[in-house]
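Enquirer: Okay, so here is entry36.cif, and as you'll see once you scroll down, it has mmCIF, C-alpha atoms.
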data_structure
#
loop_
_atom_site.label_atom_id
_atom_site.label_comp_id
_atom_site.auth_asym_id
_atom_site.auth_seq_id
_atom_site.Cartn_x
_atom_site.Cartn_y
_atom_site.Cartn_z
CA MET A 215 2.77 -21.91 9.95
CA VAL A 216 2.98 -20.12 13.31
CA TRP A 217 0.98 -17.19 14.68
CA PHE A 218 2.34 -15.78 17.93
CA GLY A 219 2.24 -12.31 19.44
CA GLY A 220 0.82 -10.76 16.32
CA CYS A 221 3.58 -12.14 14.09
CA LEU A 222 3.37 -14.60 11.22
CA GLY A 223 6.14 -17.14 10.84
CA ILE A 224 6.83 -20.47 9.21
CA ARG A 225 8.54 -23.23 11.15
CA THR A 226 10.98 -25.30 9.12
CA ASP A 227 13.46 -28.07 9.87
CA SER A 228 16.32 -26.00 8.49
CA LEU A 229 17.56 -22.57 9.49
CA PRO A 230 14.95 -19.80 9.86
CA LEU A 231 13.79 -18.26 6.59
CA ASN A 232 12.19 -14.93 5.89
CA ILE A 233 8.57 -15.06 4.78
CA SER A 234 9.28 -14.59 1.06
CA ASP A 235 11.94 -17.31 0.90
CA ALA A 236 9.78 -19.66 2.97
CA VAL A 237 6.73 -19.20 0.77
CA GLU A 238 8.79 -19.74 -2.37
CA ALA A 239 10.41 -22.88 -0.94
CA ILE A 240 7.10 -24.36 0.22
CA THR A 241 5.23 -23.72 -3.02
CA GLN A 242 7.94 -25.21 -5.24
CA ASN A 243 6.75 -28.74 -4.46
CA MET A 244 3.09 -27.87 -4.01
CA SER A 245 0.45 -28.89 -6.52
CA GLU A 246 -1.09 -26.23 -8.73
CA GLU A 247 -4.44 -26.85 -7.05
CA ARG A 248 -3.10 -26.14 -3.54
CA ILE A 249 -0.98 -23.06 -4.26
CA PRO A 250 -3.93 -20.63 -4.54
CA ILE A 251 -5.44 -21.89 -1.28
CA PHE A 252 -2.10 -21.64 0.52
CA CYS A 253 -1.56 -18.11 -0.76
CA TYR A 254 -5.06 -17.04 0.15
CA THR A 255 -4.54 -18.43 3.67
CA LEU A 256 -1.46 -16.24 4.09
CA TRP A 257 -3.38 -13.29 2.68
CA GLU A 258 -6.22 -13.65 5.21
CA ILE A 259 -3.72 -13.93 8.07
CA TRP A 260 -2.04 -10.78 6.78
CA LEU A 261 -5.37 -8.96 6.73
CA ALA A 262 -6.12 -10.15 10.28
CA ARG A 263 -2.72 -8.88 11.39
CA ASN A 264 -3.42 -5.45 9.87
CA GLU A 265 -6.81 -5.27 11.58
CA MET A 266 -5.20 -6.17 14.89
CA ASN A 267 -2.43 -3.57 14.54
CA PHE A 268 -4.34 -0.75 12.88
CA GLN A 269 -7.90 -1.22 14.15
CA SER A 270 -7.25 -2.92 17.53
CA LYS A 271 -9.34 -5.94 16.53
CA LYS A 272 -8.79 -9.36 18.10
CA PHE A 273 -7.39 -12.16 15.99
CA ASP A 274 -10.08 -14.79 15.37
CA PRO A 275 -8.58 -18.03 13.95
CA SER A 276 -12.00 -19.61 13.40
CA GLY A 277 -13.18 -16.54 11.50
CA VAL A 278 -10.11 -16.65 9.26
CA CYS A 279 -10.67 -20.36 8.57
CA LYS A 280 -14.30 -19.69 7.66
CA LYS A 281 -13.29 -16.97 5.19
CA ILE A 282 -10.80 -19.35 3.59
CA GLN A 283 -13.41 -22.10 3.28
CA ASN A 284 -15.93 -19.67 1.78
CA TRP A 285 -13.37 -18.40 -0.71
CA GLU A 286 -12.39 -21.93 -1.71
CA GLY A 287 -16.05 -22.76 -2.27
CA ARG A 288 -16.57 -19.69 -4.47
CA ARG A 289 -13.39 -20.47 -6.38
CA ASN A 290 -14.47 -24.04 -7.03
CA ASN A 291 -17.79 -22.70 -8.29
CA GLY A 292 -16.00 -20.21 -10.53
CA ALA A 293 -17.40 -17.12 -8.80
CA GLY A 294 -16.45 -14.41 -6.39
CA SER A 295 -13.52 -12.05 -5.86
CA ASN A 296 -11.72 -10.56 -2.90
CA ARG A 297 -12.53 -6.85 -2.70
CA SER A 298 -9.98 -6.31 0.06
CA MET A 299 -7.17 -6.35 -2.51
CA LEU A 300 -8.81 -3.78 -4.76
CA VAL A 301 -8.36 -0.03 -4.95
CA PRO A 302 -10.59 1.49 -2.22
CA LYS A 303 -14.11 1.96 -3.55
CA GLU A 304 -14.07 5.60 -2.37
CA ILE A 305 -11.71 6.40 -5.25
CA MET A 306 -14.22 5.24 -7.86
CA PRO A 307 -16.17 8.56 -8.10
CA TYR A 308 -12.97 10.33 -9.16
CA GLU A 309 -11.27 10.22 -12.56
CA TYR A 310 -10.06 6.70 -11.92
CA GLU A 311 -8.39 4.70 -14.69
CA PRO A 312 -9.12 1.04 -13.80
CA TYR A 313 -6.61 -0.44 -16.25
CA GLY A 314 -3.58 1.60 -15.18
CA TRP A 315 -1.37 2.12 -12.16
CA GLN A 316 -2.48 4.02 -9.06
CA ILE A 317 -0.71 5.08 -5.86
CA ILE A 318 -2.58 6.25 -2.78
CA ILE A 319 -0.56 8.14 -0.18
CA ASP A 320 -0.97 9.80 3.19
CA ALA A 321 1.06 11.18 6.07
CA SER A 322 0.54 11.38 9.82
CA TRP A 323 2.03 14.05 12.09
CA ASP A 324 1.90 15.11 15.74
CA THR A 325 3.05 18.15 17.71
CA SER A 326 6.24 16.40 18.82
CA GLN A 327 7.23 16.54 15.13
CA ARG A 328 7.09 12.78 14.76
CA ALA A 329 5.66 11.76 11.41
CA GLY A 330 4.81 8.72 9.37
CA SER A 331 4.32 8.21 5.65
CA ALA A 332 2.66 5.42 3.72
CA PHE A 333 1.92 4.48 0.13
CA LEU A 334 0.07 1.65 -1.61
CA VAL A 335 0.67 0.83 -5.27
CA TYR A 336 -2.08 -0.78 -7.34
CA CYS A 337 -1.85 -2.31 -10.80
CA GLN A 338 -5.15 -2.70 -12.67
CA GLY A 339 -6.93 -2.17 -9.36
CA LEU A 340 -5.02 -4.88 -7.45
CA LEU A 341 -2.48 -4.34 -4.68
CA GLU A 342 1.07 -4.62 -6.02
CA GLU A 343 3.31 -2.96 -3.40
CA MET A 344 3.10 -0.94 -0.22
CA GLY A 345 5.35 0.69 2.32
CA MET A 346 5.47 2.91 5.37
CA GLU A 347 8.25 4.80 7.13
CA LYS A 348 8.84 6.96 10.16
CA HIS A 349 10.48 10.38 9.91
CA ASP A 350 10.59 13.79 11.55
CA SER A 351 8.76 16.76 10.05
CA ALA A 352 8.36 20.32 11.25
CA ASP A 353 4.68 20.48 10.31
CA PRO A 354 1.92 18.49 8.56
CA PHE A 355 2.64 20.07 5.16
CA GLN A 356 6.27 18.97 5.25
CA ALA A 357 5.15 15.46 6.20
CA GLU A 358 2.70 15.35 3.28
CA ALA A 359 5.34 16.72 0.90
CA LYS A 360 7.88 14.07 1.95
CA THR A 361 5.27 11.39 1.35
CA LEU A 362 4.43 12.69 -2.12
CA LEU A 363 8.12 12.92 -3.01
CA LYS A 364 8.50 9.26 -2.03
CA ALA A 365 5.58 8.41 -4.31
CA MET A 366 7.15 10.37 -7.18
CA GLN A 367 10.34 8.36 -6.76
CA TRP A 368 8.24 5.20 -7.01
CA VAL A 369 6.63 6.55 -10.17
CA GLN A 370 10.05 7.04 -11.75
CA LYS A 371 10.98 3.49 -10.81
CA LEU A 372 7.80 2.13 -12.42
CA ILE A 373 8.33 4.13 -15.59
CA TYR A 374 12.01 3.38 -16.10
CA GLU A 375 12.06 -0.25 -14.93
CA ARG A 376 8.70 -1.46 -16.24
CA GLY A 377 7.97 0.91 -19.08
CA ILE A 378 4.76 2.19 -17.48
CA GLN A 379 3.11 4.93 -19.54
CA ARG A 380 0.95 6.61 -16.90
CA VAL A 381 0.52 6.58 -13.12
CA GLN A 382 -2.17 8.23 -10.99
CA ILE A 383 -1.35 9.47 -7.49
CA PHE A 384 -4.22 10.13 -5.07
CA CYS A 385 -3.60 12.48 -2.13
CA ASP A 386 -5.99 13.98 0.44
CA CYS A 387 -3.95 17.17 1.08
CA PHE A 388 -5.77 19.81 -0.98
CA ASN A 389 -3.22 22.59 -0.39
CA LEU A 390 -0.37 20.40 -1.61
CA VAL A 391 -2.15 19.20 -4.74
CA ASN A 392 -3.45 22.68 -5.52
CA ALA A 393 0.01 24.23 -5.16
CA LEU A 394 1.36 21.80 -7.75
CA VAL A 395 -1.58 22.13 -10.14
CA GLU A 396 -1.59 25.94 -9.94
CA ASP A 397 2.24 26.15 -9.81
CA ASN A 398 1.99 28.37 -6.73
CA LEU A 399 4.33 27.37 -3.90
CA ASP A 400 3.47 30.56 -2.00
CA SER A 401 0.06 29.06 -1.22
CA ILE A 402 1.74 26.53 1.09
CA PRO A 403 1.93 27.99 4.64
CA SER A 404 5.15 26.09 5.40
CA TRP A 405 8.55 27.29 4.30
CA GLN A 406 10.00 23.90 5.28
CA ALA A 407 7.73 22.13 2.79
CA ARG A 408 8.33 24.46 -0.17
CA PRO A 409 11.78 23.12 -1.24
CA ILE A 410 10.39 19.58 -1.20
CA ILE A 411 7.37 20.62 -3.26
CA ALA A 412 9.68 22.38 -5.72
CA ASN A 413 11.56 19.09 -6.07
CA ILE A 414 8.26 17.30 -6.73
CA ALA A 415 7.39 19.89 -9.39
CA GLN A 416 10.70 19.18 -11.13
CA HIS A 417 9.89 15.47 -11.16
CA MET A 418 6.49 16.26 -12.68
CA GLU A 419 8.08 18.43 -15.35
CA THR A 420 10.47 15.62 -16.24
CA LEU A 421 7.71 13.02 -16.40
CA ARG A 422 5.21 15.40 -18.02
CA ASN A 423 2.01 13.53 -18.98
CA MET A 424 3.11 10.26 -17.39
CA VAL A 425 1.94 11.20 -13.89
CA CYS A 426 -1.33 12.68 -12.65
CA ILE A 427 -1.77 13.90 -9.06
CA GLN A 428 -5.34 14.22 -7.86
CA HIS A 429 -6.95 15.38 -4.63
CA VAL A 430 -9.36 12.90 -3.04
CA SER A 431 -11.17 12.53 0.28
CA ARG A 432 -9.63 11.14 3.46
CA GLU A 433 -11.73 7.98 3.12
CA ALA A 434 -10.27 7.32 -0.31
CA VAL A 435 -6.77 7.04 1.18
CA ARG A 436 -7.85 5.33 4.42
CA PRO A 437 -5.48 2.31 4.06
CA ALA A 438 -2.49 4.64 3.61
CA HIS A 439 -3.71 6.83 6.49
CA ASP A 440 -3.89 3.86 8.87
CA MET A 441 -0.41 2.71 7.87
CA ALA A 442 1.05 6.21 8.28
CA ASN A 443 -0.45 6.43 11.77
CA HIS A 444 1.09 3.07 12.62
CA ALA A 445 4.53 4.17 11.36
CA ARG A 446 4.37 7.37 13.41
CA ARG A 447 3.06 5.85 16.63
CA ARG A 448 5.23 2.73 16.61
CA GLY A 449 8.27 4.33 15.01
CA VAL A 450 8.58 1.65 12.34
CA SER A 451 9.53 1.60 8.68
CA TYR A 452 8.64 -1.20 6.29
CA GLN A 453 8.41 -1.75 2.57
CA GLY A 454 7.10 -4.72 0.65
CA ILE A 455 4.29 -7.19 1.09
CA PRO A 456 4.39 -10.95 1.61
CA MET A 457 5.11 -12.91 -1.52
CA ALA A 458 1.72 -14.54 -0.97
CA VAL A 459 0.02 -11.29 -1.94
CA ILE A 460 1.99 -11.02 -5.17
CA MET A 461 1.18 -14.66 -5.92
CA CYS A 462 -2.49 -14.03 -5.18
CA VAL A 463 -2.52 -11.14 -7.62
CA HIS A 464 -0.78 -12.95 -10.46
CA LYS A 465 -1.71 -16.62 -9.95
CA ILE A 466 -5.15 -16.46 -8.40
CA GLY A 467 -6.37 -13.22 -9.93
CA ILE A 468 -8.50 -12.23 -6.93
#
Could you take the file, read its structure, and then write that structure out as structure tokens?

Expert:
Amino acid sequence: MVWFGGCLGIRTDSLPLNISDAVEAITQNMSEERIPIFCYTLWEIWLARNEMNFQSKKFDPSGVCKKIQNWEGRRNNGAGSNRSMLVPKEIMPYEYEPYGWQIIIDASWDTSQRAGSAFLVYCQGLLEEMGMEKHDSADPFQAEAKTLLKAMQWVQKLIYERGIQRVQIFCDCFNLVNALVEDNLDSIPSWQARPIIANIAQHMETLRNMVCIQHVSREAVRPAHDMANHARRRGVSYQGIPMAVIMCVHKIGI
């Protein structure tokens, strides 16, 4: 495994592999006892990378190793869990359904009309998928509306492909959520955003009781906010998380 310039890679004797293929290839011949530790190691490196990119923190290899050792000790003792993979605790005071699906979203915008959007999908409180993308928006409301529309498209995918019965979407833009709840597009002070919001309303009508959109505080969507800022400032788009995270969710259960 290689860490250089803020990037995670895996060195192999064959041609270069992407991270998902490499993890799958490596774990095929790995013992059941070592797979969780390997996956958790990748997860901690991924967290360190996010802190370095989004919070300007320095990468501390010894600190990462200590976290891994501590986790392995707790796992061997049959205790402990990794809160970093859970739905942000700030969401808990709201009408949160811990055994369902949740999506937290946020957008970032500046006066040059550059914007970024981000979403994180949780299943039973654990991180399942995430993504961020750059785009141009005339104003903050249009940026928020584009982000919510992206989330609605994800909701449809979850419902039709996985048979999900209900999904919660958490958004910190009160005007946007209120316009949808009250069915009043005129309350949005952005004519550019209104057609997008009307499209969202049509999705909600189609899905009916399968989707619930709720206004929450900025802190409740902080992970999505940080990712949206990163997409806007760096001009990057990305969807998906390392296979290690999916394996951690389903094999380790942290």

Enquirer: Could you tell me how far atom CA of Gln356 of chain A sits from atom CA of Asp320 of chain A, in Å to one decimal place?

Expert: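 That distance, rounded to one decimal, is 11.9 Å.
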
Enquirer: List, as a PDB file with C-alpha atoms, in the frame of the given file, every residue that the PyMOL selection byres ((chain A and resi 379-385) around 6) selects in the file provided.

Expert:
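Wrote it out as out14.pdb, contents follow:
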ATOM      1  CA  TRP A 315      -1.370   2.120 -12.160  1.00  0.00           C
ATOM      2  CA  GLN A 316      -2.480   4.020  -9.060  1.00  0.00           C
ATOM      3  CA  ILE A 317      -0.710   5.080  -5.860  1.00  0.00           C
ATOM      4  CA  ILE A 318      -2.580   6.250  -2.780  1.00  0.00           C
ATOM      5  CA  ILE A 319      -0.560   8.140  -0.180  1.00  0.00           C
ATOM      6  CA  ILE A 378       4.760   2.190 -17.480  1.00  0.00           C
ATOM      7  CA  ASP A 386      -5.990  13.980   0.440  1.00  0.00           C
ATOM      8  CA  CYS A 387      -3.950  17.170   1.080  1.00  0.00           C
ATOM      9  CA  MET A 424       3.110  10.260 -17.390  1.00  0.00           C
ATOM     10  CA  VAL A 425       1.940  11.200 -13.890  1.00  0.00           C
ATOM     11  CA  CYS A 426      -1.330  12.680 -12.650  1.00  0.00           C
ATOM     12  CA  ILE A 427      -1.770  13.900  -9.060  1.00  0.00           C
ATOM     13  CA  GLN A 428      -5.340  14.220  -7.860  1.00  0.00           C
ATOM     14  CA  HIS A 429      -6.950  15.380  -4.630  1.00  0.00           C
ATOM     15  CA  VAL A 430      -9.360  12.900  -3.040  1.00  0.00           C
TER      16      VAL A 430
END

Enquirer: Have a look at A:Phe355, A:Tyr374, A:Trp260, A:Trp368 and name the one nearest to Val391 of chain A; count only C-alpha atoms.

Expert: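 Checking each candidate against Val391 of chain A, we get A:Phe355 as the closest.
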
Enquirer: Which is closest to Gln367 of chain A among A:Leu341, A:Lys271, A:Trp257, A:Ile414, if we use all atoms listed in the file?

Expert: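 Under the stated criterion, the closest residue is A:Ile414.
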
Enquirer: Enter the distance from atom CA of Phe333 of chain A to atom CA of Ile249 of chain A, in Å, rounded to one decimal.

Expert: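 The value is 28.0 Å.
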
Enquirer: Which is closest to Leu421 of chain A among A:Leu390, A:Leu372, A:Val450, A:Ala438, if we use only C-alpha atoms?

Expert: A:Leu372

Enquirer: Output the residue selection produced by the PyMOL selection byres ((chain A and resi 278) around 12) on the file above, formatted as a ChimeraX atom specification.

Expert: /A:254-263,272-277,279-285

Enquirer: Any idea what the distance is between atom CA of Ala393 of chain A and atom CA of Val335 of chain A?

Expert: 23.4 Å

Enquirer: Identify all residues satisfying the PyMOL selection byres ((chain A and resi 332) around 9) in the given file; provide them as a PyMOL selection string.

Expert: chain A and resi 318-322+330-331+333-334+344-347+361+437-443+445

Enquirer: Just to be explicit: take each residue in the selection above, keep C-alpha atoms, and write the result as a CSV table (one decimal), in the coordinates of the input.

Expert:
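That gives us part_22.csv:
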chain,number,residue,atom,x,y,z
A,318,ILE,CA,-2.6,6.2,-2.8
A,319,ILE,CA,-0.6,8.1,-0.2
A,320,ASP,CA,-1.0,9.8,3.2
A,321,ALA,CA,1.1,11.2,6.1
A,322,SER,CA,0.5,11.4,9.8
A,330,GLY,CA,4.8,8.7,9.4
A,331,SER,CA,4.3,8.2,5.6
A,333,PHE,CA,1.9,4.5,0.1
A,334,LEU,CA,0.1,1.6,-1.6
A,344,MET,CA,3.1,-0.9,-0.2
A,345,GLY,CA,5.4,0.7,2.3
A,346,MET,CA,5.5,2.9,5.4
A,347,GLU,CA,8.2,4.8,7.1
A,361,THR,CA,5.3,11.4,1.4
A,437,PRO,CA,-5.5,2.3,4.1
A,438,ALA,CA,-2.5,4.6,3.6
A,439,HIS,CA,-3.7,6.8,6.5
A,440,ASP,CA,-3.9,3.9,8.9
A,441,MET,CA,-0.4,2.7,7.9
A,442,ALA,CA,1.0,6.2,8.3
A,443,ASN,CA,-0.4,6.4,11.8
A,445,ALA,CA,4.5,4.2,11.4

Enquirer: Kindly indicate which residue among A:Trp405, A:Phe388, A:Phe268, A:Tyr336 lies nearest to Val369 of chain A, using all atoms listed in the file for the distances.

Expert: A:Tyr336

Enquirer: Using only C-alpha atoms, find the one residue out of A:Arg422, A:Arg448, A:Lys360, A:Arg432 that sits nearest to Arg408 of chain A.

Expert: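 When distances to Arg408 of chain A are compared using only C-alpha atoms, the smallest one comes from A:Lys360.
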